[in-house]
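Report on the following structure.
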Amino acid sequence: KMPYHVSPSFDTIAGYGPNGAIIHYKPKKEDSSLLNIDSLFLLDSGAQYLDGTTDVTRTVHFGNPTQRMKDCFTYVLKGHIALAQAIFPEGTLGSRLDSLARIPLWNAGLDFNHGTGHGVGAYLNVHEGPQSIGFRKRDNEAGFVSGMTTSNEPGYYEEGEFGIRIENICLTVNAETPNNFLGKKYCKFENFTLVPIKTSLVNVDLLDKKEIQYLNDYHSLVREKLSDLMKEYFPESFDYLVKETEPI
């Protein structure tokens, strides 16, 4: 048990194959699946610590993914990266930021039917406002300012086949810009979550140079920050960390 750990922050969502396409899937004995090597596995989990709350989703494949799976995963990744790299005026509403994560999916004729981000408390609620990122403008919606947290979790769900979601928790921080129109401050997101993204599911041909650089830089940071912790708490998994954070 790691220091300060208390409990899960919500019921784990673990969906294999068609069950992964059910956004808030809860397994039942009569419809649960056995893990296999033929489809995608979506895992959304989190924990409560005395010094914070986590919520992370990753999608993996234990065999050889189809080209369709890789292409869909990459469109989701492109949306995730677009939001992660966004610079925007302080006070921007999440309903305006939402389309950044959807445009790569829209360009391919795809979409997802849930919000793109929610606030996260610190040893509090895993869904906590007043900020959020979604396609519907909410009454009394709060704009993003430095210090706010949000998830960044675009996805794609192919009914009866598979589900894909990539979720990190981010912190809103001040962004340095060459100009400040009308004296406005600008913000960006900084990743709290440091978990490898499954590069074997990436169609590199669909990424541009900046997106490839982002993914490589992210994995370099994951390895740098987690290596000592993995050696201490999960030494049997250290080689996995190294393998999963290799540049593409």
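So you can find residues: chains in the structure tokens are A, B, ... in the order shown, residues in each start at 1, and ligands are numbered from 1 in order.
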As a PyMOL selection string, please: the residues near Ile248 of chain A (cut-off 12 Å, only C-alpha atoms, same-chain neighbours under 2 positions excluded).
chain A and resi 197-205+207+209+211-220+243-246
Hey, which bits of segment 102-205 of chain A sit within 7 Å of segment 34-58 of chain A, and for each residue what's the closest pair of atoms and how far apart in Å (one decimal), counting only C-alpha atoms, rows by chain and increasing number, as a Markdown table?
| residue | atom | partner | partner_atom | distance |
| --- | --- | --- | --- | --- |
| A:Gly121 | CA | A:Thr53 | CA | 6.4 |
| A:Ala122 | CA | A:Gly52 | CA | 4.2 |
| A:Tyr123 | CA | A:Gly52 | CA | 4.7 |
| A:Leu124 | CA | A:Thr53 | CA | 6.9 |
| A:Val126 | CA | A:Thr53 | CA | 6.6 |
| A:Phe162 | CA | A:Leu40 | CA | 6.0 |
| A:Gly163 | CA | A:Leu42 | CA | 6.6 |
| A:Ile164 | CA | A:Leu42 | CA | 6.4 |
| A:Arg165 | CA | A:Thr57 | CA | 6.3 |
| A:Ile166 | CA | A:Arg58 | CA | 5.3 |
| A:Glu167 | CA | A:Thr57 | CA | 4.7 |
| A:Asn168 | CA | A:Val56 | CA | 5.6 |
| A:Ile169 | CA | A:Asp55 | CA | 6.8 |
| A:Ile197 | CA | A:Arg58 | CA | 6.9 |
Can you list, as a ChimeraX atom specification, every residue of segment 63-238 of chain A that DSSP puts in strand (DSSP E)?
/A:87-89,117-118,132-133,149-152,155-158,162-165,168-174,186-191
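Separating atom CA of Asp11 of chain A from atom CA of Pro27 of chain A is a distance of 10.8 Å.
Nearest residue to Glu141 of chain A among A:Met230, A:Cys170, A:Leu93, A:Ala101 is A:Leu93, counting only C-alpha atoms.
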All residues 7 Å or closer to segment 127-138 of chain A, only C-alpha atoms, same chain fewer than 4 positions away omitted, as a count of residues only:
15
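The coordinates place atom CA of Ser99 of chain A at 25.6 Å from atom CA of Gly183 of chain A.
Ranking A:Met69, A:Met2, A:Val145, A:Leu241 by their shortest atom-to-atom distance to Lys184 of chain A, with only C-alpha atoms included, puts A:Val145 first.
Considering only C-alpha atoms, the residue among A:Arg96, A:Cys187, A:Leu83, A:Leu206 positioned nearest to Gln67 of chain A is A:Leu206.
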With only C-alpha atoms as the counted atoms, please give the residues lying no more than 9 Å from Ala108 of chain A, apart from itself and same-chain residues fewer than 5 positions off, as an NGL selection string.
:A and (72 or 75 or 103)
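Pairwise distance (atom CA of Glu153 of chain A, atom CA of Lys1 of chain A) equals 27.4 Å.
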